[in-house]
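Novice: Here you go, this is coords09.cif (mmCIF, C-alpha atoms and all ligand atoms).
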```cif
data_structure
#
loop_
_atom_site.label_atom_id
_atom_site.label_comp_id
_atom_site.auth_asym_id
_atom_site.auth_seq_id
_atom_site.Cartn_x
_atom_site.Cartn_y
_atom_site.Cartn_z
CA MET A 1 -228.32 -27.57 -68.57
CA SER A 2 -231.82 -26.86 -69.56
CA ASN A 3 -232.27 -24.90 -66.37
CA HIS A 4 -229.50 -22.55 -67.39
CA ASP A 5 -230.90 -22.06 -70.81
CA GLU A 6 -234.11 -20.94 -69.24
CA ASP A 7 -232.26 -18.50 -67.01
CA ASN A 8 -230.59 -16.94 -69.98
CA THR A 9 -233.75 -15.57 -71.25
CA LYS A 10 -234.17 -13.49 -68.11
CA PHE A 11 -231.29 -11.26 -69.12
CA GLU A 12 -232.17 -10.68 -72.66
CA ASP A 13 -234.02 -7.46 -72.13
CA GLU A 14 -231.75 -6.19 -69.35
CA VAL A 15 -229.92 -3.00 -70.32
CA LEU A 16 -226.16 -3.57 -70.34
CA PRO A 17 -223.57 -0.78 -70.18
CA GLU A 18 -222.25 0.17 -73.57
CA GLY A 19 -219.66 -2.17 -75.07
CA VAL A 20 -220.31 -4.90 -72.53
CA VAL A 21 -220.72 -8.43 -73.84
CA LEU A 22 -221.96 -11.30 -71.69
CA LYS A 23 -220.34 -14.73 -71.65
CA GLU A 24 -222.37 -17.60 -72.94
CA HIS A 25 -222.72 -19.51 -69.72
CA SER A 26 -224.97 -18.75 -66.84
CA TYR A 27 -224.90 -20.38 -63.42
CA ASP A 28 -227.96 -20.13 -61.29
CA GLY A 29 -228.82 -16.98 -63.08
CA ILE A 30 -225.41 -15.42 -62.58
CA ARG A 31 -223.72 -14.30 -65.76
CA GLU A 32 -220.29 -12.92 -66.43
CA TYR A 33 -219.16 -9.89 -68.37
CA ASP A 34 -216.81 -10.83 -71.18
CA GLN A 35 -214.46 -7.85 -71.13
CA ARG A 36 -210.78 -7.18 -71.78
CA LEU A 37 -208.89 -6.11 -68.71
CA PRO A 38 -207.91 -2.46 -68.81
CA ARG A 39 -204.43 -1.77 -70.10
CA TRP A 40 -203.30 -0.01 -66.91
CA TRP A 41 -204.35 -3.02 -64.88
CA LEU A 42 -202.44 -5.44 -67.08
CA LEU A 43 -199.39 -3.21 -67.02
CA THR A 44 -199.41 -3.26 -63.23
CA LEU A 45 -199.71 -7.04 -63.21
CA TYR A 46 -196.97 -7.74 -65.76
CA GLY A 47 -194.86 -4.98 -64.27
CA ALA A 48 -195.06 -6.61 -60.85
CA ILE A 49 -194.14 -10.01 -62.34
CA ILE A 50 -191.10 -8.59 -64.16
CA PHE A 51 -190.06 -6.59 -61.12
CA SER A 52 -190.21 -9.65 -58.88
CA GLY A 53 -187.97 -11.54 -61.31
CA LEU A 54 -185.42 -8.76 -61.51
CA TYR A 55 -185.53 -8.22 -57.77
CA TRP A 56 -184.87 -11.89 -57.15
CA LEU A 57 -181.92 -11.89 -59.54
CA VAL A 58 -180.32 -8.81 -58.02
CA ASP A 59 -180.97 -9.88 -54.46
CA HIS A 60 -179.81 -13.44 -55.06
CA ASN A 61 -176.56 -12.39 -56.72
CA TYR A 62 -175.89 -9.81 -54.07
CA MET A 63 -176.30 -12.35 -51.31
CA LYS A 64 -173.93 -14.68 -53.13
CA ALA A 65 -171.25 -12.00 -53.34
CA GLN A 66 -171.55 -11.11 -49.68
CA SER A 67 -172.88 -13.64 -47.24
CA THR A 68 -175.07 -12.56 -44.38
CA THR A 69 -172.34 -13.44 -41.91
CA GLU A 70 -169.88 -11.18 -43.70
CA GLN A 71 -172.43 -8.39 -43.75
CA VAL A 72 -173.09 -8.73 -40.05
CA GLU A 73 -169.36 -8.85 -39.29
CA GLN A 74 -168.77 -5.76 -41.37
CA GLU A 75 -171.55 -3.90 -39.63
CA LEU A 76 -170.27 -4.96 -36.22
CA SER A 77 -166.77 -3.74 -37.06
CA GLU A 78 -168.20 -0.43 -38.26
CA ILE A 79 -170.06 -0.08 -34.97
CA ALA A 80 -166.87 -0.94 -33.07
CA THR A 81 -164.99 1.74 -35.01
CA ILE A 82 -167.63 4.36 -34.26
CA LYS A 83 -167.61 3.40 -30.59
CA LEU A 84 -163.83 3.64 -30.48
CA ALA A 85 -163.82 6.97 -32.29
CA ASN A 86 -166.34 8.33 -29.79
CA SER A 87 -164.48 7.09 -26.76
CA ILE A 88 -160.95 8.28 -27.53
CA ASP A 89 -159.13 8.70 -24.24
CA VAL A 90 -155.44 9.32 -24.75
CA THR A 91 -154.60 8.15 -21.26
CA ASP A 92 -156.22 4.74 -21.73
CA ASN A 93 -153.53 2.30 -22.87
CA ALA A 94 -155.87 -0.66 -23.28
CA LEU A 95 -158.03 1.44 -25.57
CA PHE A 96 -154.99 2.26 -27.72
CA TRP A 97 -154.30 -1.45 -28.07
CA GLU A 98 -157.89 -2.04 -29.02
CA MET A 99 -157.53 0.60 -31.73
CA SER A 100 -154.37 -1.09 -32.97
CA GLU A 101 -156.53 -4.12 -33.78
CA ASN A 102 -159.16 -2.07 -35.56
CA ALA A 103 -158.64 -2.03 -39.32
CA ALA A 104 -160.21 1.40 -39.81
CA PHE A 105 -157.92 3.04 -37.25
CA VAL A 106 -154.82 1.28 -38.49
CA THR A 107 -155.54 2.13 -42.13
CA ALA A 108 -156.20 5.77 -41.29
CA GLY A 109 -153.04 5.82 -39.19
CA LYS A 110 -150.95 4.40 -42.01
CA VAL A 111 -152.11 7.18 -44.34
CA ILE A 112 -151.08 9.79 -41.78
CA TYR A 113 -147.78 8.04 -41.11
CA ASP A 114 -146.93 7.73 -44.81
CA ALA A 115 -147.67 11.40 -45.37
CA ASN A 116 -145.74 12.80 -42.38
CA CYS A 117 -143.36 10.40 -40.74
CA THR A 118 -141.57 8.31 -43.39
CA PRO A 119 -138.75 10.83 -44.12
CA CYS A 120 -137.36 10.35 -40.61
CA HIS A 121 -138.77 7.02 -39.41
CA GLY A 122 -138.70 5.08 -42.68
CA ALA A 123 -141.44 3.54 -44.80
CA ASN A 124 -141.50 0.47 -42.55
CA LEU A 125 -140.91 2.30 -39.27
CA GLU A 126 -137.33 1.05 -39.37
CA GLY A 127 -135.90 4.45 -38.43
CA GLY A 128 -133.34 6.76 -40.00
CA ILE A 129 -133.03 10.36 -38.88
CA GLY A 130 -135.55 9.46 -36.20
CA PHE A 131 -135.65 6.35 -34.03
CA SER A 132 -136.87 3.00 -35.23
CA LEU A 133 -140.43 2.46 -34.04
CA VAL A 134 -140.23 -1.31 -34.27
CA ASP A 135 -137.02 -2.14 -32.44
CA GLY A 136 -138.66 -2.52 -29.06
CA GLU A 137 -136.71 0.42 -27.64
CA TRP A 138 -138.76 3.34 -26.45
CA VAL A 139 -136.62 6.21 -25.25
CA HIS A 140 -139.66 8.31 -24.41
CA GLY A 141 -141.79 5.56 -22.92
CA ALA A 142 -143.32 2.36 -24.27
CA GLN A 143 -146.85 2.93 -23.00
CA PRO A 144 -149.23 3.88 -25.79
CA SER A 145 -150.16 7.06 -23.93
CA SER A 146 -146.44 7.99 -23.68
CA ILE A 147 -146.02 7.42 -27.41
CA TYR A 148 -149.07 9.57 -27.98
CA ASN A 149 -147.56 12.35 -25.86
CA THR A 150 -144.19 12.09 -27.60
CA ILE A 151 -145.83 12.56 -30.97
CA TYR A 152 -148.18 15.27 -29.70
CA ASP A 153 -145.49 17.34 -27.96
CA GLY A 154 -142.56 16.21 -30.12
CA VAL A 155 -138.96 16.34 -29.00
CA PRO A 156 -138.23 19.75 -30.53
CA ASP A 157 -134.64 20.04 -29.33
CA LYS A 158 -133.82 16.65 -30.89
CA GLY A 159 -135.35 17.24 -34.30
CA MET A 160 -138.85 15.84 -33.81
CA GLN A 161 -141.45 18.55 -34.10
CA ALA A 162 -144.66 18.69 -32.05
CA TRP A 163 -147.46 17.25 -34.17
CA GLY A 164 -150.29 18.15 -31.82
CA THR A 165 -151.44 21.38 -33.40
CA LEU A 166 -150.79 20.09 -36.90
CA LEU A 167 -152.58 16.73 -36.74
CA GLY A 168 -154.88 17.00 -33.74
CA GLN A 169 -155.94 14.35 -31.26
CA LYS A 170 -157.88 12.03 -33.55
CA ARG A 171 -155.15 11.68 -36.18
CA ILE A 172 -152.39 11.24 -33.65
CA THR A 173 -154.46 8.54 -31.98
CA GLU A 174 -154.78 6.82 -35.35
CA VAL A 175 -151.06 7.05 -36.04
CA VAL A 176 -150.38 5.56 -32.59
CA ALA A 177 -152.77 2.71 -33.45
CA TYR A 178 -150.77 2.13 -36.64
CA VAL A 179 -147.40 2.17 -34.83
CA LEU A 180 -148.75 -0.23 -32.18
CA SER A 181 -150.11 -2.57 -34.86
CA LYS A 182 -146.47 -3.05 -35.96
CA ASN A 183 -145.34 -3.93 -32.45
CA ASP A 184 -145.89 -6.80 -30.06
CA ARG A 185 -148.24 -5.95 -27.24
CA SER A 186 -146.86 -8.24 -24.54
CA THR A 187 -143.27 -7.14 -25.16
CA MET A 188 -144.27 -3.52 -25.00
CA GLU A 189 -146.42 -3.93 -21.93
CA ALA A 190 -143.46 -5.53 -20.19
CA GLY A 191 -141.35 -2.42 -20.98
CA LYS A 192 -141.79 1.04 -19.48
C1 LIG B 201 -137.96 15.54 -39.21
C2 LIG B 201 -137.83 14.17 -38.78
C3 LIG B 201 -138.98 13.53 -38.07
C4 LIG B 201 -140.26 13.43 -38.48
C5 LIG B 201 -140.86 13.93 -39.76
C6 LIG B 201 -140.95 12.65 -37.48
N1 LIG B 201 -140.10 12.32 -36.48
FE1 LIG B 201 -140.49 11.17 -34.88
N2 LIG B 201 -138.63 11.46 -34.18
C7 LIG B 201 -137.64 12.11 -34.85
C8 LIG B 201 -136.44 12.10 -34.04
C9 LIG B 201 -135.12 12.73 -34.39
C10 LIG B 201 -136.76 11.40 -32.86
C11 LIG B 201 -135.84 11.10 -31.70
C12 LIG B 201 -135.93 12.19 -30.68
C13 LIG B 201 -134.90 11.96 -29.58
O1 LIG B 201 -133.72 11.89 -29.91
O2 LIG B 201 -135.34 11.85 -28.42
C14 LIG B 201 -138.14 11.00 -33.00
C15 LIG B 201 -138.85 10.27 -32.05
C16 LIG B 201 -140.10 9.77 -32.24
C17 LIG B 201 -140.75 8.90 -31.30
C18 LIG B 201 -140.21 8.44 -29.96
C19 LIG B 201 -139.56 7.10 -30.11
C20 LIG B 201 -139.05 6.55 -28.78
O3 LIG B 201 -138.12 5.74 -28.84
O4 LIG B 201 -139.59 6.92 -27.74
C21 LIG B 201 -141.95 8.59 -31.84
C22 LIG B 201 -143.01 7.68 -31.25
C23 LIG B 201 -142.04 9.27 -33.11
N3 LIG B 201 -140.90 9.98 -33.31
C24 LIG B 201 -143.12 9.20 -33.96
C25 LIG B 201 -143.26 9.99 -35.08
C26 LIG B 201 -144.44 10.03 -35.87
C27 LIG B 201 -145.70 9.21 -35.64
C28 LIG B 201 -144.22 10.92 -36.86
C29 LIG B 201 -145.17 11.37 -37.93
C30 LIG B 201 -146.38 12.01 -37.48
C31 LIG B 201 -142.87 11.42 -36.70
N4 LIG B 201 -142.33 10.83 -35.60
C32 LIG B 201 -142.28 12.30 -37.54
C33 LIG B 201 -137.73 12.71 -36.07
C34 LIG B 201 -138.87 12.84 -36.82
#
```
Hey, can you dump this file as structure tokens for me?

Specialist:
Amino acid sequence: MSNHDEDNTKFEDEVLPEGVVLKEHSYDGIREYDQRLPRWWLLTLYGAIIFSGLYWLVDHNYMKAQSTTEQVEQELSEIATIKLANSIDVTDNALFWEMSENAAFVTAGKVIYDANCTPCHGANLEGGIGFSLVDGEWVHGAQPSSIYNTIYDGVPDKGMQAWGTLLGQKRITEVVAYVLSKNDRSTMEAGK
């Protein structure tokens, strides 16, 4: 201790920057400034602490609401939808069936169906003016590509207009996906 006291004296006549106070202690001649931390520095520190707390809360609650597995599944299904949408081939029956199991296609198809087809085919595809689309009977062909063509070209002389120019390929594909989703694949594949 006495050593330190001696050291202290060395600094007494040293010129310190204005407003700087030295701490009492001295270790091997090293002395510390006794200064308040600048306000901006403290703000950054406390700000970071508060932010980390808030971030944790938000992140933690978000993860609770939607588990990682669900997130991944959702992303995968979105990718599948994009892939399907980019690979529409109206002659590919298997692809139509794949679309009939894709929620995005089926939902989009239902919207189109509800807006255009219910007056003649019924709200539940049960038929009316037009044929039932769930009775397993397909006058114009049971293959998804045939159904697509029937809707696209219509049966004008029998009261079913051609929807091709009105709805376009993508929307007719979606409506086919919706119709298929209400039918049994193996039964339909057995038909013609
Ligand atoms: C104005 C009434 C009307 C509207 C609206 C209508 N259809 Fe039809 N649709 C018919 C009629 C009538 C037939 C039967 C034609 C025949 O006798 O061959 C038919 C036949 C069909 C068939 C063939 C069924 C089979 O057994 O092969 C499909 C598929 C079909 N419609 C789908 C649709 C879809 C999808 C929409 C909506 C985009 C739609 N229709 C809108 C009247 C309509």

Novice: By how many Å are CA of His25 in chain A and CA of Leu42 in chain A apart?

Specialist: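 Interatomic distance, CA of His25 in chain A to CA of Leu42 in chain A: 24.8 Å.
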
Novice: Ligand LIG 201 (chain B): which residues are within 6 Å, counting all atoms listed in the file, as a list in words?

Specialist: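 The residues within 6 Å of ligand LIG 201 (chain B), counting all atoms listed in the file, are Tyr113, Asn116, Cys117, Pro119, Cys120, Ile129, Gly130, Phe131, Glu137, Trp138, Val139, His140, Gly141, Ile147, Thr150, Ile151, Val155, Lys158, Gly159, Met160 and Val175 of chain A.
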
Novice: For C-alpha atoms, I'd like the residues from the last selection saved as a PDB file, in the frame of the given file.

Specialist:
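New file again.pdb:
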```
ATOM      1  CA  TYR A 113    -147.780   8.040 -41.110  1.00  0.00           C
ATOM      2  CA  ASN A 116    -145.740  12.800 -42.380  1.00  0.00           C
ATOM      3  CA  CYS A 117    -143.360  10.400 -40.740  1.00  0.00           C
ATOM      4  CA  PRO A 119    -138.750  10.830 -44.120  1.00  0.00           C
ATOM      5  CA  CYS A 120    -137.360  10.350 -40.610  1.00  0.00           C
ATOM      6  CA  ILE A 129    -133.030  10.360 -38.880  1.00  0.00           C
ATOM      7  CA  GLY A 130    -135.550   9.460 -36.200  1.00  0.00           C
ATOM      8  CA  PHE A 131    -135.650   6.350 -34.030  1.00  0.00           C
ATOM      9  CA  GLU A 137    -136.710   0.420 -27.640  1.00  0.00           C
ATOM     10  CA  TRP A 138    -138.760   3.340 -26.450  1.00  0.00           C
ATOM     11  CA  VAL A 139    -136.620   6.210 -25.250  1.00  0.00           C
ATOM     12  CA  HIS A 140    -139.660   8.310 -24.410  1.00  0.00           C
ATOM     13  CA  GLY A 141    -141.790   5.560 -22.920  1.00  0.00           C
ATOM     14  CA  ILE A 147    -146.020   7.420 -27.410  1.00  0.00           C
ATOM     15  CA  THR A 150    -144.190  12.090 -27.600  1.00  0.00           C
ATOM     16  CA  ILE A 151    -145.830  12.560 -30.970  1.00  0.00           C
ATOM     17  CA  VAL A 155    -138.960  16.340 -29.000  1.00  0.00           C
ATOM     18  CA  LYS A 158    -133.820  16.650 -30.890  1.00  0.00           C
ATOM     19  CA  GLY A 159    -135.350  17.240 -34.300  1.00  0.00           C
ATOM     20  CA  MET A 160    -138.850  15.840 -33.810  1.00  0.00           C
ATOM     21  CA  VAL A 175    -151.060   7.050 -36.040  1.00  0.00           C
TER      22      VAL A 175
END
```

Novice: Here is a test: counting all atoms listed in the file, which residue of A:Asn149, A:Asn86, A:Asn183, A:Asn61 is nearest to Gly168 in chain A?

Specialist: A:Asn149

Novice: Mind working out the centre and edge lengths of an axis-aligned box for range 105-122 of chain A, all listed atoms inside, 4 Å added to each side, rounded to one decimal in Å and written as lines of an AutoDock Vina configuration file?

Specialist:
```
center_x = -147.6
center_y = 7.0
center_z = -41.3
size_x = 28.6
size_y = 19.5
size_z = 16.1
```

Novice: Find the residues near Gln35 in chain A: any atom within 12 Å, counting all atoms listed in the file, skip ones fewer than 4 places away on the same chain, and give them as a compact mmCIF listing (two decimals) with C-alpha atoms, keeping the file's coordinate frame.

Specialist:
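Result saved to selection-v9.txt:
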```txt
# COMPACT_ATOMS: atom_id res chain seq x y z
CA PRO A 17 -223.57 -0.78 -70.18
CA GLU A 18 -222.25 0.17 -73.57
CA GLY A 19 -219.66 -2.17 -75.07
CA VAL A 20 -220.31 -4.90 -72.53
CA VAL A 21 -220.72 -8.43 -73.84
CA LEU A 22 -221.96 -11.30 -71.69
CA LYS A 23 -220.34 -14.73 -71.65
CA ARG A 39 -204.43 -1.77 -70.10
```

Novice: Near Glu78 in chain A, within 12 Å and counting all atoms listed in the file, which residues show up once chain neighbours fewer than 6 positions away are dropped, as a short mmCIF file (atom, residue, chain, number, x, y, z; two decimals) with C-alpha atoms, keeping the file's coordinate frame?

Specialist:
```
data_model
loop_
_atom_site.label_atom_id
_atom_site.label_comp_id
_atom_site.auth_asym_id
_atom_site.auth_seq_id
_atom_site.Cartn_x
_atom_site.Cartn_y
_atom_site.Cartn_z
CA GLN A 71 -172.43 -8.39 -43.75
CA VAL A 72 -173.09 -8.73 -40.05
CA LEU A 84 -163.83 3.64 -30.48
CA ALA A 85 -163.82 6.97 -32.29
CA ASN A 102 -159.16 -2.07 -35.56
CA ALA A 103 -158.64 -2.03 -39.32
CA ALA A 104 -160.21 1.40 -39.81
CA PHE A 105 -157.92 3.04 -37.25
#
```

Novice: Would you mind completing range 37-58 of chain A so that it carries N, CA, C and O atoms, and writing it out as a PDB file, keeping the file's coordinate frame?

Specialist:
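As written to disk, part06.pdb reads:
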```pdb
ATOM      1  N   LEU A  37    -209.332  -6.841 -69.890  1.00  0.00           N
ATOM      2  CA  LEU A  37    -208.890  -6.110 -68.710  1.00  0.00           C
ATOM      3  C   LEU A  37    -208.278  -4.794 -69.167  1.00  0.00           C
ATOM      4  O   LEU A  37    -207.653  -4.735 -70.214  1.00  0.00           O
ATOM      5  N   PRO A  38    -208.469  -3.747 -68.384  1.00  0.00           N
ATOM      6  CA  PRO A  38    -207.910  -2.460 -68.810  1.00  0.00           C
ATOM      7  C   PRO A  38    -206.385  -2.540 -68.913  1.00  0.00           C
ATOM      8  O   PRO A  38    -205.733  -3.257 -68.157  1.00  0.00           O
ATOM      9  N   ARG A  39    -205.878  -1.759 -69.854  1.00  0.00           N
ATOM     10  CA  ARG A  39    -204.430  -1.770 -70.100  1.00  0.00           C
ATOM     11  C   ARG A  39    -203.631  -1.419 -68.840  1.00  0.00           C
ATOM     12  O   ARG A  39    -202.640  -2.053 -68.525  1.00  0.00           O
ATOM     13  N   TRP A  40    -204.053  -0.410 -68.103  1.00  0.00           N
ATOM     14  CA  TRP A  40    -203.300  -0.010 -66.910  1.00  0.00           C
ATOM     15  C   TRP A  40    -203.213  -1.151 -65.905  1.00  0.00           C
ATOM     16  O   TRP A  40    -202.212  -1.355 -65.233  1.00  0.00           O
ATOM     17  N   TRP A  41    -204.311  -1.920 -65.839  1.00  0.00           N
ATOM     18  CA  TRP A  41    -204.350  -3.020 -64.880  1.00  0.00           C
ATOM     19  C   TRP A  41    -203.358  -4.123 -65.286  1.00  0.00           C
ATOM     20  O   TRP A  41    -202.598  -4.634 -64.470  1.00  0.00           O
ATOM     21  N   LEU A  42    -203.357  -4.425 -66.583  1.00  0.00           N
ATOM     22  CA  LEU A  42    -202.440  -5.440 -67.080  1.00  0.00           C
ATOM     23  C   LEU A  42    -200.985  -5.008 -66.916  1.00  0.00           C
ATOM     24  O   LEU A  42    -200.126  -5.796 -66.539  1.00  0.00           O
ATOM     25  N   LEU A  43    -200.754  -3.726 -67.177  1.00  0.00           N
ATOM     26  CA  LEU A  43    -199.390  -3.210 -67.020  1.00  0.00           C
ATOM     27  C   LEU A  43    -198.901  -3.379 -65.586  1.00  0.00           C
ATOM     28  O   LEU A  43    -197.767  -3.772 -65.342  1.00  0.00           O
ATOM     29  N   THR A  44    -199.787  -3.097 -64.642  1.00  0.00           N
ATOM     30  CA  THR A  44    -199.410  -3.260 -63.230  1.00  0.00           C
ATOM     31  C   THR A  44    -199.087  -4.723 -62.940  1.00  0.00           C
ATOM     32  O   THR A  44    -198.101  -5.036 -62.270  1.00  0.00           O
ATOM     33  N   LEU A  45    -199.923  -5.606 -63.467  1.00  0.00           N
ATOM     34  CA  LEU A  45    -199.710  -7.040 -63.210  1.00  0.00           C
ATOM     35  C   LEU A  45    -198.392  -7.509 -63.806  1.00  0.00           C
ATOM     36  O   LEU A  45    -197.538  -8.057 -63.105  1.00  0.00           O
ATOM     37  N   TYR A  46    -198.196  -7.264 -65.117  1.00  0.00           N
ATOM     38  CA  TYR A  46    -196.970  -7.740 -65.760  1.00  0.00           C
ATOM     39  C   TYR A  46    -195.750  -7.017 -65.183  1.00  0.00           C
ATOM     40  O   TYR A  46    -194.695  -7.618 -65.004  1.00  0.00           O
ATOM     41  N   GLY A  47    -195.958  -5.743 -64.877  1.00  0.00           N
ATOM     42  CA  GLY A  47    -194.860  -4.980 -64.270  1.00  0.00           C
ATOM     43  C   GLY A  47    -194.410  -5.622 -62.965  1.00  0.00           C
ATOM     44  O   GLY A  47    -193.217  -5.797 -62.722  1.00  0.00           O
ATOM     45  N   ALA A  48    -195.379  -6.008 -62.140  1.00  0.00           N
ATOM     46  CA  ALA A  48    -195.060  -6.610 -60.850  1.00  0.00           C
ATOM     47  C   ALA A  48    -194.329  -7.946 -61.048  1.00  0.00           C
ATOM     48  O   ALA A  48    -193.380  -8.278 -60.324  1.00  0.00           O
ATOM     49  N   ILE A  49    -194.781  -8.711 -62.083  1.00  0.00           N
ATOM     50  CA  ILE A  49    -194.140 -10.010 -62.340  1.00  0.00           C
ATOM     51  C   ILE A  49    -192.673  -9.794 -62.761  1.00  0.00           C
ATOM     52  O   ILE A  49    -191.755 -10.425 -62.239  1.00  0.00           O
ATOM     53  N   ILE A  50    -192.465  -8.847 -63.683  1.00  0.00           N
ATOM     54  CA  ILE A  50    -191.100  -8.590 -64.160  1.00  0.00           C
ATOM     55  C   ILE A  50    -190.238  -8.054 -63.017  1.00  0.00           C
ATOM     56  O   ILE A  50    -189.110  -8.486 -62.810  1.00  0.00           O
ATOM     57  N   PHE A  51    -190.818  -7.162 -62.228  1.00  0.00           N
ATOM     58  CA  PHE A  51    -190.060  -6.590 -61.120  1.00  0.00           C
ATOM     59  C   PHE A  51    -189.622  -7.686 -60.136  1.00  0.00           C
ATOM     60  O   PHE A  51    -188.477  -7.723 -59.700  1.00  0.00           O
ATOM     61  N   SER A  52    -190.549  -8.611 -59.839  1.00  0.00           N
ATOM     62  CA  SER A  52    -190.210  -9.650 -58.880  1.00  0.00           C
ATOM     63  C   SER A  52    -189.063 -10.512 -59.402  1.00  0.00           C
ATOM     64  O   SER A  52    -188.176 -10.914 -58.651  1.00  0.00           O
ATOM     65  N   GLY A  53    -189.055 -10.769 -60.713  1.00  0.00           N
ATOM     66  CA  GLY A  53    -187.970 -11.540 -61.310  1.00  0.00           C
ATOM     67  C   GLY A  53    -186.645 -10.820 -61.195  1.00  0.00           C
ATOM     68  O   GLY A  53    -185.641 -11.390 -60.740  1.00  0.00           O
ATOM     69  N   LEU A  54    -186.652  -9.556 -61.567  1.00  0.00           N
ATOM     70  CA  LEU A  54    -185.420  -8.760 -61.510  1.00  0.00           C
ATOM     71  C   LEU A  54    -184.937  -8.637 -60.073  1.00  0.00           C
ATOM     72  O   LEU A  54    -183.754  -8.776 -59.783  1.00  0.00           O
ATOM     73  N   TYR A  55    -185.887  -8.386 -59.183  1.00  0.00           N
ATOM     74  CA  TYR A  55    -185.530  -8.220 -57.770  1.00  0.00           C
ATOM     75  C   TYR A  55    -184.857  -9.484 -57.242  1.00  0.00           C
ATOM     76  O   TYR A  55    -183.834  -9.432 -56.570  1.00  0.00           O
ATOM     77  N   TRP A  56    -185.439 -10.622 -57.606  1.00  0.00           N
ATOM     78  CA  TRP A  56    -184.870 -11.890 -57.150  1.00  0.00           C
ATOM     79  C   TRP A  56    -183.444 -12.044 -57.663  1.00  0.00           C
ATOM     80  O   TRP A  56    -182.538 -12.412 -56.907  1.00  0.00           O
ATOM     81  N   LEU A  57    -183.257 -11.752 -58.944  1.00  0.00           N
ATOM     82  CA  LEU A  57    -181.920 -11.890 -59.540  1.00  0.00           C
ATOM     83  C   LEU A  57    -180.905 -11.019 -58.812  1.00  0.00           C
ATOM     84  O   LEU A  57    -179.843 -11.484 -58.404  1.00  0.00           O
ATOM     85  N   VAL A  58    -181.248  -9.743 -58.652  1.00  0.00           N
ATOM     86  CA  VAL A  58    -180.320  -8.810 -58.020  1.00  0.00           C
ATOM     87  C   VAL A  58    -180.040  -9.238 -56.588  1.00  0.00           C
ATOM     88  O   VAL A  58    -178.895  -9.355 -56.155  1.00  0.00           O
TER      89      VAL A  58
END
```
